[in-house]
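Below is input_9.pdb, which holds PDB, C-alpha atoms.
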MODEL        1
ATOM      1  CA  MET U   1     -67.628   4.001   7.012
ATOM      2  CA  LYS U   2     -69.742   0.943   7.846
ATOM      3  CA  SER U   3     -72.289   1.855   5.172
ATOM      4  CA  LYS U   4     -69.524   2.118   2.548
ATOM      5  CA  VAL U   5     -68.086  -1.278   3.498
ATOM      6  CA  LYS U   6     -71.569  -2.791   3.452
ATOM      7  CA  LYS U   7     -72.226  -1.301   0.015
ATOM      8  CA  ILE U   8     -68.948  -2.725  -1.333
ATOM      9  CA  ILE U   9     -69.745  -6.188   0.064
ATOM     10  CA  ASN U  10     -73.236  -6.106  -1.433
ATOM     11  CA  THR U  11     -71.808  -5.108  -4.833
ATOM     12  CA  ILE U  12     -69.252  -7.937  -4.743
ATOM     13  CA  VAL U  13     -71.952 -10.459  -3.811
ATOM     14  CA  ASP U  14     -74.215  -9.224  -6.632
ATOM     15  CA  VAL U  15     -71.371  -9.579  -9.158
ATOM     16  CA  LEU U  16     -70.586 -13.100  -7.931
ATOM     17  CA  ILE U  17     -74.250 -14.082  -8.191
ATOM     18  CA  VAL U  18     -74.347 -12.900 -11.816
ATOM     19  CA  LEU U  19     -71.140 -14.808 -12.623
ATOM     20  CA  VAL U  20     -72.448 -18.008 -11.034
ATOM     21  CA  LEU U  21     -75.722 -17.686 -12.937
ATOM     22  CA  ILE U  22     -73.820 -17.229 -16.211
ATOM     23  CA  VAL U  23     -71.650 -20.287 -15.516
ATOM     24  CA  SER U  24     -74.675 -22.401 -14.590
ATOM     25  CA  ILE U  25     -76.483 -21.373 -17.794
ATOM     26  CA  LEU U  26     -73.386 -22.236 -19.865
ATOM     27  CA  VAL U  27     -73.071 -25.648 -18.222
ATOM     28  CA  VAL U  28     -76.745 -26.430 -18.884
ATOM     29  CA  VAL U  29     -76.460 -25.308 -22.528
ATOM     30  CA  LEU U  30     -73.312 -27.395 -23.039
ATOM     31  CA  SER U  31     -74.996 -30.453 -21.532
ATOM     32  CA  LEU U  32     -78.054 -30.094 -23.770
ATOM     33  CA  THR U  33     -76.026 -29.544 -26.960
ATOM     34  CA  SER U  34     -73.774 -32.477 -26.088
ATOM     35  CA  LYS U  35     -76.781 -34.798 -26.130
ATOM     36  CA  SER U  36     -78.032 -33.506 -29.479
ATOM     37  CA  SER U  37     -74.770 -33.104 -31.441
ATOM     38  CA  GLY U  38     -72.348 -35.400 -29.637
ATOM     39  CA  VAL U  39     -70.115 -32.513 -28.585
ATOM     40  CA  PRO U  40     -70.852 -29.688 -26.109
ATOM     41  CA  ASN U  41     -71.054 -26.394 -27.978
ATOM     42  CA  ILE U  42     -72.383 -22.857 -27.926
ATOM     43  CA  CYS U  43     -73.533 -21.456 -31.261
ATOM     44  CA  GLY U  44     -71.569 -24.154 -33.088
ATOM     45  CA  TYR U  45     -68.292 -23.701 -31.190
ATOM     46  CA  ALA U  46     -67.148 -26.305 -28.683
ATOM     47  CA  PRO U  47     -64.965 -25.505 -25.653
ATOM     48  CA  LEU U  48     -63.057 -28.721 -24.939
ATOM     49  CA  ASN U  49     -60.641 -29.578 -22.143
ATOM     50  CA  VAL U  50     -57.445 -31.419 -23.090
ATOM     51  CA  ALA U  51     -56.800 -34.307 -20.718
ATOM     52  CA  SER U  52     -53.597 -35.818 -22.164
ATOM     53  CA  TYR U  53     -50.108 -34.920 -23.416
ATOM     54  CA  SER U  54     -50.697 -36.379 -26.891
ATOM     55  CA  MET U  55     -50.833 -33.022 -28.723
ATOM     56  CA  GLU U  56     -47.872 -31.286 -27.083
ATOM     57  CA  PRO U  57     -46.298 -28.882 -27.850
ATOM     58  CA  THR U  58     -49.173 -27.608 -30.028
ATOM     59  CA  ILE U  59     -51.754 -28.122 -27.290
ATOM     60  CA  ASN U  60     -50.785 -28.800 -23.688
ATOM     61  CA  LYS U  61     -52.543 -30.944 -21.131
ATOM     62  CA  GLY U  62     -55.004 -28.795 -19.177
ATOM     63  CA  ASP U  63     -55.608 -26.320 -22.010
ATOM     64  CA  LEU U  64     -59.119 -25.283 -22.964
ATOM     65  CA  ILE U  65     -59.415 -25.355 -26.770
ATOM     66  CA  PHE U  66     -62.168 -23.988 -28.995
ATOM     67  CA  SER U  67     -63.276 -26.092 -31.947
ATOM     68  CA  LYS U  68     -65.910 -25.604 -34.625
ATOM     69  CA  VAL U  69     -68.587 -28.301 -34.731
ATOM     70  CA  THR U  70     -68.398 -30.093 -38.102
ATOM     71  CA  ASN U  71     -70.415 -33.297 -37.672
ATOM     72  CA  ASP U  72     -71.308 -33.216 -41.372
ATOM     73  CA  ILE U  73     -70.814 -36.279 -43.579
ATOM     74  CA  ASP U  74     -69.981 -34.003 -46.533
ATOM     75  CA  TYR U  75     -67.344 -31.940 -44.724
ATOM     76  CA  GLU U  76     -63.927 -32.273 -46.377
ATOM     77  CA  TYR U  77     -60.886 -32.148 -44.113
ATOM     78  CA  LYS U  78     -57.279 -31.769 -45.145
ATOM     79  CA  VAL U  79     -53.908 -32.968 -43.923
ATOM     80  CA  GLY U  80     -52.807 -30.851 -40.978
ATOM     81  CA  ASP U  81     -56.284 -30.223 -39.577
ATOM     82  CA  ILE U  82     -56.632 -30.910 -35.856
ATOM     83  CA  VAL U  83     -59.924 -32.709 -35.376
ATOM     84  CA  THR U  84     -61.986 -34.132 -32.536
ATOM     85  CA  PHE U  85     -63.683 -37.525 -32.631
ATOM     86  CA  PRO U  86     -65.167 -39.950 -30.092
ATOM     87  CA  ILE U  87     -63.144 -42.940 -28.870
ATOM     88  CA  GLU U  88     -63.738 -45.563 -26.196
ATOM     89  CA  ILE U  89     -61.291 -45.936 -23.304
ATOM     90  CA  ASP U  90     -61.877 -48.710 -20.754
ATOM     91  CA  GLY U  91     -65.517 -48.931 -21.807
ATOM     92  CA  VAL U  92     -66.097 -45.182 -21.450
ATOM     93  CA  GLN U  93     -66.688 -43.005 -24.502
ATOM     94  CA  THR U  94     -64.708 -39.783 -24.569
ATOM     95  CA  LEU U  95     -63.562 -37.186 -27.106
ATOM     96  CA  ASN U  96     -60.069 -37.322 -28.573
ATOM     97  CA  THR U  97     -58.279 -34.538 -30.457
ATOM     98  CA  HIS U  98     -55.511 -35.450 -32.938
ATOM     99  CA  ARG U  99     -54.056 -34.148 -36.203
ATOM    100  CA  ILE U 100     -54.886 -35.570 -39.630
ATOM    101  CA  VAL U 101     -51.623 -36.898 -41.093
ATOM    102  CA  GLU U 102     -52.904 -38.739 -44.157
ATOM    103  CA  ILE U 103     -56.005 -38.981 -46.345
ATOM    104  CA  ILE U 104     -56.919 -42.318 -47.921
ATOM    105  CA  GLU U 105     -59.545 -42.778 -50.642
ATOM    106  CA  ASP U 106     -61.131 -46.230 -50.802
ATOM    107  CA  ASP U 107     -64.319 -47.158 -52.704
ATOM    108  CA  ASP U 108     -65.633 -43.582 -52.756
ATOM    109  CA  ILE U 109     -65.103 -43.322 -48.984
ATOM    110  CA  THR U 110     -62.581 -40.858 -47.594
ATOM    111  CA  TYR U 111     -60.641 -42.047 -44.559
ATOM    112  CA  TYR U 112     -58.553 -39.793 -42.353
ATOM    113  CA  LYS U 113     -55.522 -41.154 -40.541
ATOM    114  CA  THR U 114     -54.835 -39.246 -37.318
ATOM    115  CA  GLN U 115     -51.919 -38.994 -34.901
ATOM    116  CA  GLY U 116     -50.940 -36.941 -31.875
ATOM    117  CA  ASP U 117     -48.211 -34.331 -32.323
ATOM    118  CA  ASN U 118     -46.302 -35.697 -29.323
ATOM    119  CA  LYS U 119     -44.206 -38.436 -30.915
ATOM    120  CA  ASP U 120     -43.007 -39.646 -27.507
ATOM    121  CA  THR U 121     -46.523 -40.722 -26.507
ATOM    122  CA  ASN U 122     -47.825 -41.282 -30.057
ATOM    123  CA  PRO U 123     -44.939 -42.669 -32.118
ATOM    124  CA  ILE U 124     -47.319 -44.130 -34.724
ATOM    125  CA  ALA U 125     -50.640 -43.100 -36.238
ATOM    126  CA  ASP U 126     -53.912 -44.062 -34.571
ATOM    127  CA  GLU U 127     -55.006 -47.604 -35.367
ATOM    128  CA  GLU U 128     -58.590 -46.652 -36.207
ATOM    129  CA  MET U 129     -59.089 -44.219 -39.090
ATOM    130  CA  GLN U 130     -61.845 -41.606 -39.091
ATOM    131  CA  THR U 131     -64.424 -40.450 -41.620
ATOM    132  CA  SER U 132     -66.398 -37.233 -42.009
ATOM    133  CA  SER U 133     -69.280 -38.877 -40.169
ATOM    134  CA  SER U 134     -67.146 -39.763 -37.127
ATOM    135  CA  ILE U 135     -65.316 -36.421 -36.788
ATOM    136  CA  VAL U 136     -67.360 -33.952 -34.741
ATOM    137  CA  ALA U 137     -65.211 -30.799 -34.601
ATOM    138  CA  ILE U 138     -62.148 -29.047 -35.994
ATOM    139  CA  TYR U 139     -59.733 -26.979 -33.895
ATOM    140  CA  THR U 140     -59.912 -23.224 -34.582
ATOM    141  CA  GLY U 141     -56.432 -22.480 -33.244
ATOM    142  CA  THR U 142     -57.774 -20.656 -30.163
ATOM    143  CA  LYS U 143     -56.966 -21.945 -26.699
ATOM    144  CA  ILE U 144     -56.812 -20.775 -23.092
ATOM    145  CA  PRO U 145     -53.957 -22.352 -21.133
ATOM    146  CA  ALA U 146     -54.407 -24.220 -17.864
ATOM    147  CA  ILE U 147     -58.178 -23.879 -17.307
ATOM    148  CA  GLY U 148     -59.307 -26.957 -19.203
ATOM    149  CA  ASN U 149     -59.208 -29.218 -16.149
ATOM    150  CA  PHE U 150     -61.395 -26.809 -14.172
ATOM    151  CA  PHE U 151     -63.813 -26.552 -17.084
ATOM    152  CA  GLY U 152     -64.019 -30.325 -17.235
ATOM    153  CA  PHE U 153     -64.501 -30.545 -13.455
ATOM    154  CA  ILE U 154     -67.481 -28.159 -13.311
ATOM    155  CA  ARG U 155     -69.243 -30.310 -15.912
ATOM    156  CA  THR U 156     -69.195 -33.269 -13.515
ATOM    157  CA  GLN U 157     -71.950 -33.705 -10.910
ATOM    158  CA  LEU U 158     -69.595 -32.948  -8.006
ATOM    159  CA  GLY U 159     -68.044 -29.967  -9.790
ATOM    160  CA  PHE U 160     -71.455 -28.531 -10.710
ATOM    161  CA  PHE U 161     -72.603 -28.828  -7.096
ATOM    162  CA  LEU U 162     -69.447 -27.294  -5.570
ATOM    163  CA  CYS U 163     -68.882 -24.562  -8.154
ATOM    164  CA  VAL U 164     -72.453 -23.651  -9.113
ATOM    165  CA  LEU U 165     -75.228 -24.980  -6.865
ATOM    166  CA  LEU U 166     -73.518 -24.489  -3.486
ATOM    167  CA  PRO U 167     -72.443 -20.871  -4.172
ATOM    168  CA  MET U 168     -75.934 -20.089  -5.468
ATOM    169  CA  ILE U 169     -77.514 -21.508  -2.308
ATOM    170  CA  LEU U 170     -75.158 -19.484  -0.098
ATOM    171  CA  PHE U 171     -75.742 -16.313  -2.116
ATOM    172  CA  PHE U 172     -79.526 -16.699  -1.995
ATOM    173  CA  VAL U 173     -79.391 -17.249   1.779
ATOM    174  CA  TYR U 174     -77.293 -14.085   2.074
ATOM    175  CA  GLU U 175     -79.777 -12.185  -0.101
ATOM    176  CA  ALA U 176     -82.695 -13.433   2.022
ATOM    177  CA  ILE U 177     -80.961 -12.241   5.200
ATOM    178  CA  ARG U 178     -80.226  -8.894   3.556
ATOM    179  CA  VAL U 179     -83.873  -8.467   2.552
ATOM    180  CA  ILE U 180     -85.042  -9.263   6.105
ATOM    181  CA  MET U 181     -82.564  -6.774   7.603
ATOM    182  CA  ASN U 182     -83.700  -4.078   5.156
ATOM    183  CA  LEU U 183     -87.351  -4.717   6.049
ATOM    184  CA  LEU U 184     -86.569  -4.443   9.767
ATOM    185  CA  ALA U 185     -84.647  -1.218   9.198
ATOM    186  CA  TYR U 186     -87.498   0.157   7.078
ATOM    187  CA  ASN U 187     -90.107  -0.686   9.723
ATOM    188  CA  LYS U 188     -87.971   0.935  12.416
ATOM    189  CA  GLU U 189     -87.564   4.128  10.370
ATOM    190  CA  LYS U 190     -91.275   4.143   9.550
ATOM    191  CA  THR U 191     -92.212   3.762  13.226
ATOM    192  CA  LEU U 192     -89.802   6.540  14.195
ATOM    193  CA  ALA U 193     -91.239   8.830  11.529
ATOM    194  CA  GLU U 194     -94.772   8.157  12.774
ATOM    195  CA  ALA U 195     -93.719   8.882  16.363
ATOM    196  CA  GLN U 196     -92.031  12.120  15.325
ATOM    197  CA  GLU U 197     -95.147  13.161  13.423
ATOM    198  CA  ALA U 198     -97.340  12.406  16.445
ATOM    199  CA  VAL U 199     -95.092  14.443  18.725
ATOM    200  CA  GLN U 200     -94.973  17.348  16.288
ATOM    201  CA  ASN U 201     -98.779  17.383  16.081
ATOM    202  CA  ALA U 202     -99.184  17.271  19.841
ATOM    203  CA  GLU U 203     -99.610  20.502  21.785
ATOM    204  CA  LEU U 204     -96.219  20.437  23.473
ATOM    205  CA  THR U 205     -93.348  22.823  23.790
ATOM    206  CA  GLU U 206     -90.250  22.215  21.662
ATOM    207  CA  GLU U 207     -88.398  21.013  24.751
ATOM    208  CA  GLN U 208     -91.148  18.529  25.574
ATOM    209  CA  LYS U 209     -91.237  17.289  21.978
ATOM    210  CA  GLN U 210     -87.465  16.734  21.961
ATOM    211  CA  ARG U 211     -87.639  14.908  25.289
ATOM    212  CA  ALA U 212     -90.475  12.673  24.040
ATOM    213  CA  ILE U 213     -88.479  11.689  20.956
ATOM    214  CA  GLU U 214     -85.360  10.947  23.031
ATOM    215  CA  GLU U 215     -87.371   8.793  25.440
ATOM    216  CA  TYR U 216     -88.921   6.916  22.528
ATOM    217  CA  LEU U 217     -85.508   6.258  20.953
ATOM    218  CA  ALA U 218     -84.179   5.112  24.334
ATOM    219  CA  SER U 219     -87.074   2.667  24.667
ATOM    220  CA  LEU U 220     -86.322   1.270  21.205
ATOM    221  CA  GLY U 221     -82.701   0.726  22.220
ATOM    222  CA  GLN U 222     -83.728  -1.064  25.406
ATOM    223  CA  ASN U 223     -86.119  -3.313  23.485
ATOM    224  CA  SER U 224     -83.376  -4.166  21.005
ATOM    225  CA  ASP U 225     -80.938  -5.021  23.816
ATOM    226  CA  SER U 226     -83.472  -7.238  25.568
ATOM    227  CA  GLU U 227     -84.205  -9.092  22.301
ATOM    228  CA  ASN U 228     -80.490  -9.687  21.721
ATOM    229  CA  LYS U 229     -80.163 -11.100  25.219
TER     230      LYS U 229
ENDMDL
END

Re-express the file's structure as structure tokens.
Amino acid sequence: MKSKVKKIINTIVDVLIVLVLIVSILVVVLSLTSKSSGVPNICGYAPLNVASYSMEPTINKGDLIFSKVTNDIDYEYKVGDIVTFPIEIDGVQTLNTHRIVEIIEDDDITYYKTQGDNKDTNPIADEEMQTSSSIVAIYTGTKIPAIGNFFGFIRTQLGFFLCVLLPMILFFVYEAIRVIMNLLAYNKEKTLAEAQEAVQNAELTEEQKQRAIEEYLASLGQNSDSENK
């Protein structure tokens, strides 16, 4: 029974280690691509957390949306597209996702007027218009509700430490302890096997051999108890 429970625990730990490693790799990849393209992405698709109510009911606060990276000056958008572009709030640059509501042509330059779907929080269009060079991604229509905030949190230094580094440290400590315990168990079994072989090769009766093995096992138990004390 104990061996089965131990096996189940070891399997769960191994699965968790793999999951943490996958998450850590994804976070690193997103950080690197964010520096190069301006938006975190994997193979050209950006998972973005929605931090405001401006796009409700189409997109809710806390949703994780998937957008296609389109930071191409020749990309042509159309009215109704939901696009992502950088804005500055209180001196901090962040990504904003709004819908294109109007296209304006001026001196061979195409400007896109954007506005949030939530007319309560965005009763008028955004003051600053966008161009193809400022828009970095277009919404694909795919979203996962309610996990955007967590996704955004693990990309912070504190979130990365608590959700990735700390679990990895704990798991590796557990694995180290497990390796040590397995080595001790292996050495004990090896020593017992050598003792049994020595007894079997000795010129003793079967009763004497059995007694020698029992005395040896008893001595091992006593040594283990004294070490624990």

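Distances here use only C-alpha atoms; by that measure, the residue among U:Ser133, U:Asn149, U:Asn182, U:Asn122 closest to Phe85 of chain U is U:Ser133.
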
Please write the residues picked by the PyMOL selection byres ((chain U and resi 67-82) around 7) on this file as a list of chain:residue names. U:Gly44, U:Tyr45, U:Ala46, U:Pro47, U:Ile65, U:Phe66, U:Val83, U:Thr97, U:His98, U:Arg99, U:Ile100, U:Val101, U:Glu102, U:Ile103, U:Ser132, U:Ser133, U:Ile135, U:Val136, U:Ala137, U:Ile138, U:Tyr139, U:Thr140

Kindly save the residues from that selection, with C-alpha atoms included, as a PDB file, in the frame of the given file.
ATOM      1  CA  GLY U  44     -71.569 -24.154 -33.088  1.00  0.00           C
ATOM      2  CA  TYR U  45     -68.292 -23.701 -31.190  1.00  0.00           C
ATOM      3  CA  ALA U  46     -67.148 -26.305 -28.683  1.00  0.00           C
ATOM      4  CA  PRO U  47     -64.965 -25.505 -25.653  1.00  0.00           C
ATOM      5  CA  ILE U  65     -59.415 -25.355 -26.770  1.00  0.00           C
ATOM      6  CA  PHE U  66     -62.168 -23.988 -28.995  1.00  0.00           C
ATOM      7  CA  VAL U  83     -59.924 -32.709 -35.376  1.00  0.00           C
ATOM      8  CA  THR U  97     -58.279 -34.538 -30.457  1.00  0.00           C
ATOM      9  CA  HIS U  98     -55.511 -35.450 -32.938  1.00  0.00           C
ATOM     10  CA  ARG U  99     -54.056 -34.148 -36.203  1.00  0.00           C
ATOM     11  CA  ILE U 100     -54.886 -35.570 -39.630  1.00  0.00           C
ATOM     12  CA  VAL U 101     -51.623 -36.898 -41.093  1.00  0.00           C
ATOM     13  CA  GLU U 102     -52.904 -38.739 -44.157  1.00  0.00           C
ATOM     14  CA  ILE U 103     -56.005 -38.981 -46.345  1.00  0.00           C
ATOM     15  CA  SER U 132     -66.398 -37.233 -42.009  1.00  0.00           C
ATOM     16  CA  SER U 133     -69.280 -38.877 -40.169  1.00  0.00           C
ATOM     17  CA  ILE U 135     -65.316 -36.421 -36.788  1.00  0.00           C
ATOM     18  CA  VAL U 136     -67.360 -33.952 -34.741  1.00  0.00           C
ATOM     19  CA  ALA U 137     -65.211 -30.799 -34.601  1.00  0.00           C
ATOM     20  CA  ILE U 138     -62.148 -29.047 -35.994  1.00  0.00           C
ATOM     21  CA  TYR U 139     -59.733 -26.979 -33.895  1.00  0.00           C
ATOM     22  CA  THR U 140     -59.912 -23.224 -34.582  1.00  0.00           C
TER      23      THR U 140
END

Give as JSON, numbers by chain every residue, naming chains and numbers as the document does, that has an atom within 12 Å of (-46.6, -36.0, -30.2), counting all atoms listed in the file. {"U": [52, 53, 54, 55, 56, 57, 58, 59, 60, 61, 97, 98, 99, 114, 115, 116, 117, 118, 119, 120, 121, 122, 123, 124, 125, 126]}

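Remark: for Asn10 of chain U, the closest of the candidate residues U:Glu88, U:Glu175, U:Asp106, U:Glu189 is U:Glu175 (distances computed over only C-alpha atoms).
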
Mind dumping a table of every segment 19-50 of chain U residue within 8 Å of segment 155-166 of chain U, with the nearest atom pair and its distance in Å to one decimal, using only C-alpha atoms, sorted by chain and rising number, as a Markdown table?
| residue | atom | partner | partner_atom | distance |
| --- | --- | --- | --- | --- |
| U:Val20 | CA | U:Val164 | CA | 6.0 |
| U:Leu21 | CA | U:Val164 | CA | 7.8 |
| U:Val23 | CA | U:Val164 | CA | 7.3 |
| U:Ser24 | CA | U:Val164 | CA | 6.0 |
| U:Val27 | CA | U:Arg155 | CA | 6.5 |

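Picture a line from atom CA of Lys143 of chain U to atom CA of Asp90 of chain U; it runs 27.9 Å.
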
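Between atom CA of Ile8 of chain U and atom CA of Phe151 of chain U the separation is 29.0 Å.
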
Give me, as a VMD selection string, all polymer residues having an atom no more than 8 Å from Ile42 of chain U, counting all atoms listed in the file and skipping those fewer than 5 positions away in the same chain. chain U and resid 29 to 30 33

Between atom CA of Met168 of chain U and atom CA of Val18 of chain U, measure the distance and give it in Å to one decimal. 9.7 Å

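In terms of minimum interatomic distance to Val39 of chain U, U:Ser134 ranks closest within U:Ser134, U:Thr110, U:Ile104, U:Leu16, counting all atoms listed in the file.
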
Specify the axis-aligned box that encloses all atoms of segment 37-45 of chain U listed in the file after padding of 5 Å on each side, stating its centre and edge lengths in Å to one decimal as AutoDock Vina command-line options.
--center_x -71.5 --center_y -28.4 --center_z -29.6 --size_x 16.5 --size_y 23.9 --size_z 17.0

Test item: residues at most 10 Å from Ile147 of chain U, all atoms listed in the file, excluding those fewer than 6 positions along its chain, as a PyMOL selection string: chain U and resi 49-50+61-65+153
